[in-house]
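File shown here: query_22.cif, holding mmCIF, C-alpha atoms and all ligand atoms.
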data_upload
loop_
_atom_site.label_atom_id
_atom_site.label_comp_id
_atom_site.auth_asym_id
_atom_site.auth_seq_id
_atom_site.Cartn_x
_atom_site.Cartn_y
_atom_site.Cartn_z
CA MET A 1179 -22.91 -20.99 -6.32
CA ALA A 1180 -21.19 -20.49 -3.00
CA VAL A 1181 -19.01 -17.42 -2.67
CA ASP A 1182 -15.39 -18.25 -1.94
CA ALA A 1183 -14.27 -15.39 0.26
CA GLU A 1184 -10.65 -15.98 -0.75
CA GLN A 1185 -11.44 -15.32 -4.38
CA VAL A 1186 -13.70 -12.31 -4.09
CA PRO A 1187 -12.01 -8.93 -3.69
CA PRO A 1188 -13.34 -7.72 -0.36
CA LEU A 1189 -13.86 -4.13 -1.49
CA ARG A 1190 -15.91 -5.24 -4.48
CA ILE A 1191 -18.33 -7.11 -2.29
CA GLY A 1192 -18.61 -4.14 0.03
CA GLN A 1193 -16.53 -5.50 2.87
CA ILE A 1194 -15.25 -2.13 3.94
CA ASP A 1195 -15.93 -2.48 7.62
CA SER A 1196 -12.27 -2.47 8.65
CA ALA A 1197 -10.22 0.63 9.36
CA GLY A 1198 -7.57 -0.52 6.88
CA ALA A 1199 -10.11 -0.98 4.09
CA ARG A 1200 -11.38 2.56 4.63
CA VAL A 1201 -7.86 4.01 4.42
CA TYR A 1202 -7.31 1.94 1.26
CA LEU A 1203 -10.48 3.28 -0.35
CA ASN A 1204 -9.56 6.86 0.45
CA SER A 1205 -5.86 6.76 -0.36
CA CYS A 1206 -4.92 3.83 -2.59
CA ASN A 1207 -7.98 2.63 -4.48
CA ALA A 1208 -7.82 5.24 -7.26
CA CYS A 1209 -4.56 3.82 -8.55
CA HIS A 1210 -4.28 0.25 -7.30
CA ARG A 1211 -8.02 -0.50 -7.79
CA SER A 1212 -10.51 -2.25 -5.56
CA ASP A 1213 -9.23 -5.69 -6.47
CA GLY A 1214 -5.60 -4.70 -5.87
CA THR A 1215 -4.58 -5.44 -9.45
CA GLY A 1216 -3.56 -1.91 -10.42
CA ALA A 1217 -3.19 -1.15 -14.11
CA LYS A 1218 -0.75 -2.87 -16.42
CA ARG A 1219 2.57 -1.02 -16.78
CA ILE A 1220 1.26 1.95 -14.77
CA PHE A 1221 0.16 0.94 -11.29
CA PRO A 1222 1.71 -2.25 -9.91
CA SER A 1223 -0.60 -5.01 -8.77
CA LEU A 1224 -0.61 -5.44 -5.01
CA ALA A 1225 -2.16 -8.89 -5.28
CA GLY A 1226 0.53 -11.55 -4.93
CA ASN A 1227 3.21 -8.82 -4.95
CA SER A 1228 6.48 -9.88 -3.29
CA ALA A 1229 7.16 -6.38 -1.92
CA VAL A 1230 3.74 -6.43 -0.25
CA ASN A 1231 4.17 -9.94 1.12
CA ALA A 1232 7.74 -9.56 2.40
CA ASP A 1233 8.26 -11.08 5.88
CA ASP A 1234 9.85 -7.85 7.02
CA PRO A 1235 7.53 -4.95 6.15
CA THR A 1236 10.22 -2.25 6.59
CA SER A 1237 10.61 -1.36 2.91
CA LEU A 1238 6.86 -1.50 2.40
CA ILE A 1239 6.31 0.97 5.24
CA HIS A 1240 9.11 3.14 3.86
CA LEU A 1241 7.47 3.19 0.44
CA VAL A 1242 4.11 4.35 1.81
CA LEU A 1243 5.75 7.00 4.00
CA SER A 1244 8.07 8.39 1.32
CA GLY A 1245 6.55 7.41 -2.03
CA SER A 1246 8.45 6.13 -5.03
CA ARG A 1247 8.99 6.89 -8.69
CA MET A 1248 10.00 4.42 -11.35
CA PRO A 1249 12.95 5.61 -13.39
CA SER A 1250 11.84 6.98 -16.73
CA THR A 1251 13.30 5.47 -19.88
CA ALA A 1252 12.92 6.58 -23.49
CA THR A 1253 10.42 3.82 -24.24
CA ALA A 1254 8.68 3.85 -20.89
CA PRO A 1255 8.32 7.29 -19.37
CA ALA A 1256 7.10 7.14 -15.80
CA PRO A 1257 5.18 10.34 -15.21
CA ILE A 1258 3.05 8.82 -12.48
CA ALA A 1259 4.64 8.27 -9.11
CA MET A 1260 3.54 6.57 -5.97
CA PRO A 1261 2.68 9.51 -3.71
CA ASP A 1262 4.18 9.89 -0.22
CA PHE A 1263 1.67 9.44 2.56
CA GLY A 1264 3.88 10.23 5.54
CA TRP A 1265 2.45 13.73 5.90
CA ARG A 1266 -1.14 12.62 5.45
CA LEU A 1267 -1.62 9.32 7.29
CA THR A 1268 -0.98 8.54 10.94
CA ASN A 1269 1.13 5.55 12.01
CA GLN A 1270 -2.12 3.83 12.97
CA GLN A 1271 -3.65 4.42 9.53
CA ILE A 1272 -0.53 3.13 7.75
CA ALA A 1273 -0.44 0.04 9.99
CA ASP A 1274 -4.15 -0.54 9.28
CA VAL A 1275 -3.93 -0.12 5.51
CA LEU A 1276 -0.82 -2.30 5.17
CA THR A 1277 -2.36 -4.98 7.37
CA PHE A 1278 -5.39 -4.87 5.07
CA VAL A 1279 -3.31 -5.03 1.89
CA ARG A 1280 -1.16 -7.88 3.27
CA ALA A 1281 -4.22 -9.97 4.15
CA ASN A 1282 -6.39 -9.61 1.04
CA TRP A 1283 -6.50 -10.53 -2.66
CA GLY A 1284 -4.73 -13.79 -1.88
CA ASN A 1285 -1.94 -12.12 0.11
CA HIS A 1286 -1.05 -13.88 3.35
CA ALA A 1287 1.55 -11.79 5.16
CA SER A 1288 1.61 -10.85 8.83
CA ALA A 1289 -0.10 -7.77 10.23
CA VAL A 1290 1.84 -4.50 10.44
CA SER A 1291 1.94 -2.87 13.89
CA VAL A 1292 1.87 0.81 14.83
CA ASP A 1293 5.28 0.29 16.47
CA GLN A 1294 6.81 -0.95 13.22
CA VAL A 1295 5.51 2.12 11.36
CA ALA A 1296 6.74 4.45 14.13
CA LYS A 1297 10.27 2.99 13.90
CA VAL A 1298 10.48 3.41 10.13
CA ARG A 1299 9.06 6.94 10.35
CA GLN A 1300 11.74 7.84 12.87
CA ALA A 1301 14.47 6.41 10.65
CA VAL A 1302 13.13 8.39 7.67
CA ARG A 1303 13.14 11.59 9.74
CA GLN A 1304 16.73 11.03 10.81
CA THR A 1305 17.80 10.51 7.21
CA GLU A 1306 16.03 13.70 6.18
CA ALA A 1307 17.61 15.65 9.02
CA ALA A 1308 21.07 14.43 7.98
CA ASN A 1309 20.64 15.71 4.42
C1 LIG A 1401 -1.52 8.32 -7.62
C2 LIG A 1401 -1.51 6.89 -7.75
C3 LIG A 1401 -1.15 6.04 -6.54
C4 LIG A 1401 -1.75 6.03 -5.29
C5 LIG A 1401 -2.89 6.92 -4.81
C6 LIG A 1401 -1.09 4.99 -4.53
N1 LIG A 1401 -0.12 4.40 -5.30
FE1 LIG A 1401 1.05 2.83 -4.77
N2 LIG A 1401 2.07 3.01 -6.50
C7 LIG A 1401 1.80 3.90 -7.53
C8 LIG A 1401 2.83 3.80 -8.55
C9 LIG A 1401 2.91 4.58 -9.84
C10 LIG A 1401 3.73 2.82 -8.09
C11 LIG A 1401 5.03 2.36 -8.78
C12 LIG A 1401 6.14 3.25 -8.29
C13 LIG A 1401 7.51 2.69 -8.48
O1 LIG A 1401 7.63 1.51 -8.79
O2 LIG A 1401 8.46 3.42 -8.30
C14 LIG A 1401 3.22 2.35 -6.81
C15 LIG A 1401 3.82 1.35 -6.05
C16 LIG A 1401 3.28 0.81 -4.91
C17 LIG A 1401 3.81 -0.35 -4.22
C18 LIG A 1401 5.07 -1.12 -4.62
C19 LIG A 1401 4.74 -2.24 -5.53
C20 LIG A 1401 5.98 -2.91 -6.02
O3 LIG A 1401 5.83 -3.84 -6.81
O4 LIG A 1401 7.10 -2.53 -5.67
C21 LIG A 1401 3.01 -0.58 -3.14
C22 LIG A 1401 3.16 -1.68 -2.11
C23 LIG A 1401 2.00 0.45 -3.15
N3 LIG A 1401 2.20 1.27 -4.24
C24 LIG A 1401 1.02 0.58 -2.19
C25 LIG A 1401 0.16 1.66 -2.09
C26 LIG A 1401 -0.70 1.93 -0.96
C27 LIG A 1401 -0.81 1.05 0.29
C28 LIG A 1401 -1.36 3.09 -1.24
C29 LIG A 1401 -2.30 3.85 -0.33
C30 LIG A 1401 -1.81 4.23 0.97
C31 LIG A 1401 -0.92 3.54 -2.56
N4 LIG A 1401 0.00 2.65 -3.03
C32 LIG A 1401 -1.40 4.65 -3.22
C33 LIG A 1401 0.72 4.74 -7.58
C34 LIG A 1401 -0.13 5.02 -6.52
#

Would you give me this structure, written as structure tokens?
Ligand code: HEC
Amino acid sequence: MAVDAEQVPPLRIGQIDSAGARVYLNSCNACHRSDGTGAKRIFPSLAGNSAVNADDPTSLIHLVLSGSRMPSTATAPAPIAMPDFGWRLTNQQIADVLTFVRANWGNHASAVSVDQVAKVRQAVRQTEAAN
């Protein structure tokens, strides 16, 4: 049977020869898994996710820089948060990993540039400085 590259999660078949895939393996894979599907009710799936595929990647970049925590409710406590990577990853690494995430597992969004990440990082810094 022929392998349909669109259907096979690239990390599972060992396609980790891109910079973005390497950042993903090191920083995101533990929670969102190698096929991008996450874990039900704990880690959101990145495959086919509208936040991931948004035309404008600003909020996506912001999320990776600053992290996020779902509000806890009585029936669904949310002890696990999306960590902030702004202190750990360079603008280049964030551009690479988001370009990777936006182009795999059936996602088809445009690449994220270093400039776009730099702009959001600057905006985040200004907000922090104002507080
Ligand atoms: C420790 C586990 C963990 C790691 C590591 C992690 N995430 Fe997350 N991620 C989460 C959790 C939990 C959420 C949900 C948070 C929320 O909704 O507030 C989330 C949410 C997201 C979302 C938003 C999805 C949506 O539907 O809004 C994206 C995109 C995302 N993560 C991408 C990444 C990327 C890219 C990396 C690596 C740079 C990464 N995550 C690393 C746990 C993790």

Q. So how far away is CA of Asn1282 in chain A from CA of Asp1213 in chain A, in Å?
A.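 Going from CA of Asp1213 in chain A over to CA of Asn1282 in chain A covers 8.9 Å.
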
Q: Could you check which of A:Met1260, A:Ile1272, A:Ala1225, A:Val1302 is closest to ligand LIG 1401 (chain A), using all atoms listed in the file?
A: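 Closest residue, counting all atoms listed in the file: A:Met1260.
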
**Q.** Which residue of A:Leu1243, A:Met1248, A:Leu1276, A:Ile1220 approaches Phe1263 in chain A most closely, using all atoms listed in the file
**A.**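 Closest to Phe1263 in chain A of all the choices is A:Leu1243.
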
(Q) From the options A:Ala1301, A:Ala1199, A:Ala1229, A:Ala1287, which residue's atoms come nearest to ligand LIG 1401 (chain A), counting all atoms listed in the file? (A)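 Under the stated criterion, the closest residue is A:Ala1229.
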
Q: Extract, using only C-alpha atoms, all DNA, RNA and protein residues at most 12 Å from Pro1222 in chain A, discarding same-chain residues fewer than 3 positions from it, and format them as a ChimeraX atom specification.
A: /A:1206,1209-1211,1213-1219,1225-1230,1246-1248,1258-1260

Q: Give as a VMD selection string every residue, naming chains and numbers as the document does, that has an atom within 7 Å of (7.9, 0.0, 8.8), counting all atoms listed in the file.
A: chain A and resid 1235 to 1240 1294 to 1295 1297 to 1298

**Q.** Answer as a VMD selection string, residues within 10 Å of (-3.4, 4.2, 9.5) using all atoms listed in the file
**A.** chain A and resid 1197 to 1198 1200 to 1202 1266 to 1277 1291 to 1292 1295

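Residue nearest ligand LIG 1401 (chain A), chosen from A:Asn1285, A:Ser1244, A:Thr1305, A:Ser1223 and counting only C-alpha atoms and all ligand atoms: A:Ser1223.
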
Q | Atomic distance atom C30 of ligand LIG 1401 (chain A) - CA of Thr1253 in chain A, expressed in Å with one decimal | A |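 If I compute the distance from atom C30 of ligand LIG 1401 (chain A) to CA of Thr1253 in chain A, I get 28.0 Å.
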
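Nearest to ligand LIG 1401 (chain A) of all the residues A:Ser1250, A:Ser1205, A:Ser1288, A:Ser1212 is A:Ser1205, counting all atoms listed in the file.
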
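For the atom pair formed by CA of Trp1265 in chain A and CA of Thr1251 in chain A, the distance is 29.2 Å, given to one decimal.
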
Q) Taking into account all atoms listed in the file, which residue in the set A:Val1279, A:Ala1208, A:Ala1289, A:Ile1194 is nearest to Asp1234 in chain A? A)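 Distance minimum relative to Asp1234 in chain A lands on A:Ala1289.
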
Have range 1294-1305 of chain A completed to all heavy atoms, please, and pass it along as a short mmCIF file (atom, residue, chain, number, x, y, z; two decimals), keeping the file's coordinate frame.
data_model
loop_
_atom_site.label_atom_id
_atom_site.label_comp_id
_atom_site.auth_asym_id
_atom_site.auth_seq_id
_atom_site.Cartn_x
_atom_site.Cartn_y
_atom_site.Cartn_z
N GLN A 1294 5.95 -0.78 14.40
CA GLN A 1294 6.81 -0.95 13.22
C GLN A 1294 6.78 0.31 12.36
O GLN A 1294 7.82 0.76 11.87
CB GLN A 1294 6.34 -2.16 12.40
CG GLN A 1294 6.69 -3.50 13.03
CD GLN A 1294 6.07 -4.67 12.30
OE1 GLN A 1294 4.87 -4.68 12.02
NE2 GLN A 1294 6.87 -5.68 11.98
N VAL A 1295 5.61 0.90 12.18
CA VAL A 1295 5.51 2.12 11.36
C VAL A 1295 6.25 3.27 12.06
O VAL A 1295 7.00 4.01 11.43
CB VAL A 1295 4.03 2.52 11.11
CG1 VAL A 1295 3.96 3.79 10.27
CG2 VAL A 1295 3.27 1.39 10.43
N ALA A 1296 6.09 3.37 13.38
CA ALA A 1296 6.74 4.45 14.13
C ALA A 1296 8.26 4.37 13.98
O ALA A 1296 8.93 5.40 13.80
CB ALA A 1296 6.34 4.37 15.61
N LYS A 1297 8.81 3.16 14.03
CA LYS A 1297 10.27 2.99 13.90
C LYS A 1297 10.76 3.43 12.54
O LYS A 1297 11.77 4.12 12.42
CB LYS A 1297 10.64 1.52 14.10
CG LYS A 1297 10.67 1.12 15.55
CD LYS A 1297 11.60 -0.09 15.78
CE LYS A 1297 11.50 -0.56 17.22
NZ LYS A 1297 10.40 -1.54 17.39
N VAL A 1298 10.04 3.04 11.47
CA VAL A 1298 10.48 3.41 10.13
C VAL A 1298 10.33 4.92 9.95
O VAL A 1298 11.19 5.58 9.38
CB VAL A 1298 9.69 2.64 9.04
CG1 VAL A 1298 10.16 3.04 7.65
CG2 VAL A 1298 9.84 1.14 9.24
N ARG A 1299 9.25 5.49 10.49
CA ARG A 1299 9.06 6.94 10.35
C ARG A 1299 10.21 7.69 11.02
O ARG A 1299 10.73 8.66 10.49
CB ARG A 1299 7.71 7.36 10.97
CG ARG A 1299 7.34 8.80 10.59
CD ARG A 1299 6.14 9.31 11.35
NE ARG A 1299 4.85 8.78 10.96
CZ ARG A 1299 4.08 9.32 10.01
NH1 ARG A 1299 4.47 10.38 9.35
NH2 ARG A 1299 2.90 8.81 9.74
N GLN A 1300 10.63 7.19 12.17
CA GLN A 1300 11.74 7.84 12.87
C GLN A 1300 13.04 7.75 12.07
O GLN A 1300 13.78 8.73 11.96
CB GLN A 1300 11.92 7.16 14.23
CG GLN A 1300 12.57 8.06 15.24
CD GLN A 1300 12.63 7.38 16.61
OE1 GLN A 1300 12.30 6.19 16.73
NE2 GLN A 1300 13.02 8.12 17.61
N ALA A 1301 13.27 6.60 11.46
CA ALA A 1301 14.47 6.41 10.65
C ALA A 1301 14.44 7.35 9.43
O ALA A 1301 15.46 7.94 9.07
CB ALA A 1301 14.58 4.96 10.20
N VAL A 1302 13.27 7.50 8.82
CA VAL A 1302 13.13 8.39 7.67
C VAL A 1302 13.43 9.83 8.09
O VAL A 1302 14.15 10.56 7.42
CB VAL A 1302 11.71 8.29 7.06
CG1 VAL A 1302 11.47 9.40 6.04
CG2 VAL A 1302 11.51 6.93 6.40
N ARG A 1303 12.90 10.23 9.24
CA ARG A 1303 13.14 11.59 9.74
C ARG A 1303 14.61 11.85 9.96
O ARG A 1303 15.14 12.90 9.62
CB ARG A 1303 12.42 11.78 11.09
CG ARG A 1303 11.01 12.21 10.88
CD ARG A 1303 10.49 13.00 12.08
NE ARG A 1303 9.03 13.03 11.99
CZ ARG A 1303 8.22 12.44 12.85
NH1 ARG A 1303 8.70 11.81 13.90
NH2 ARG A 1303 6.93 12.49 12.68
N GLN A 1304 15.30 10.85 10.54
CA GLN A 1304 16.73 11.03 10.81
C GLN A 1304 17.51 11.18 9.52
O GLN A 1304 18.42 11.99 9.44
CB GLN A 1304 17.26 9.85 11.64
CG GLN A 1304 17.01 10.07 13.12
CD GLN A 1304 17.05 8.78 13.92
OE1 GLN A 1304 17.35 7.72 13.38
NE2 GLN A 1304 16.75 8.86 15.20
N THR A 1305 17.12 10.41 8.50
CA THR A 1305 17.80 10.51 7.21
C THR A 1305 17.57 11.90 6.63
O THR A 1305 18.49 12.53 6.10
CB THR A 1305 17.24 9.47 6.21
OG1 THR A 1305 17.09 8.25 6.89
CG2 THR A 1305 18.14 9.30 5.02
#
